Amino acid sequence: MGLLTINYGMFVRYYGIKELSPRNSIISTKFSARAFASRKPMKKSRREGRPSKSFTLQTKETLPEDINGLADMHPSNDGNTNNGKSVDSTPPDIISIPSRSNVLQACTITSGLIAALGLIIRQVSHVGSMEGLPILDCSTEVSCTGILSFKYMEKLRNYRFGFELWHLELITGLVLIISSCRYILLKTWRYFAESSDTANKQILSSLQPYDYLVVAFLPGMSEELLFRGALLPVLGFDWKSVIVVSTLFGVLHLGNGRKYSFAVWATFVGIVYGYATIMSSSVIVPMASHALNNLVGGLLWRYTSKSLE
């Protein structure tokens, strides 16, 4: 369904993804065995003065039936036909599936680094503001010129991690709206569906259902702390800042199987979370919404996708 997390494929690749090609390993083993077995008859024939038989390297046409069967499953790139049937010259995309431990480790490390960066930005802005530098304080003072009426200005000056009862209604509405929009896009936008499915295969295929809590909540909370809890207040609470932060948020979701379609979707979601942050003056609202949307999307993909069947 499309987990909205920043690409941490680099960390997964750092911890290692092992790939094995069954055809290559089997064929190379049989070729080595035959080459080794052919050495003795050749030496013996030379000692006895008999002409040695010519040995030719077996190609796809002279391989035994079991190897040809493997070749049928893995067509070559030369575009030839196999047994009278057309062979697709374009090999299918190989999707590397990291292990469960690699995914969880990469998710934890990346989320920790993102959260640390968000906290550093908030602290630097606070200290700089206290020292009289022309820096907006993320936690106490923000700019809302041109976007909110005066009744919201005083509330936004105390922008922290506050939470009120009506925020639950806002979080519920955000989860319903974003999940519904994502479902519609998956059914109508093929590129977005393919991009989401590829990314989910790489991240979620090796996980257990309870692991989804980790890959949903850690990235959701850390990313919102950085983008809506630090960058947005620093740039100012207006529509321009929301667009800039959301665009950066979308661009960082590229890679790891995700293409421009997913970046467009992430930018749209970032705009929604940005305005929700301004409305509530609390970073808890986008944190909870982001995490719950990740969880809903991941679980729906697991129990509806044919990739795991």
# chains A, B, ... in the order shown; residues from 1 in each chain; ligands from 1
call {"tool": "residues_around", "arguments": {"residues": "region 168-183 of chain A", "least_positions_apart": "6", "cutoff": "12 Å", "atoms": "only C-alpha atoms", "output": "ChimeraX atom specification"}}
result
/A:1-4,189-190,192-193,196,261-262,264-266,268-277,279-280,282-301,304
call {"tool": "residues_around", "arguments": {"residues": "Ser101 (chain A)", "least_positions_apart": "3", "cutoff": "9 Å", "atoms": "only C-alpha atoms", "output": "MDAnalysis selection string"}}
result
chainID A and resid 98 104:106 206:207
call {"tool": "closest_residue", "arguments": {"among": "A:Ala263, A:Val127, A:Leu235, A:Ile184", "to": "Thr247 (chain A)", "atoms": "only C-alpha atoms"}}
result
A:Ala263
call {"tool": "select_by_dssp", "arguments": {"residues": "region 117-294 of chain A", "states": "strand (DSSP E or B)", "output": "count of residues only"}}
result
4
call {"tool": "residues_around", "arguments": {"residues": "Leu113 (chain A)", "least_positions_apart": "5", "cutoff": "9 Å", "atoms": "only C-alpha atoms", "output": "list in words"}}
result
Thr108, Gly118 and Ser222 of chain A
call {"tool": "atom_distance", "arguments": {"atom1": "CA of Ser99 (chain A)", "atom2": "CA of Asp211 (chain A)"}}
result
12.5 Å
call {"tool": "closest_residue", "arguments": {"among": "A:Ser96, A:Ser111, A:Arg228, A:Ala199", "to": "Val215 (chain A)", "atoms": "only C-alpha atoms"}}
result
A:Ser111
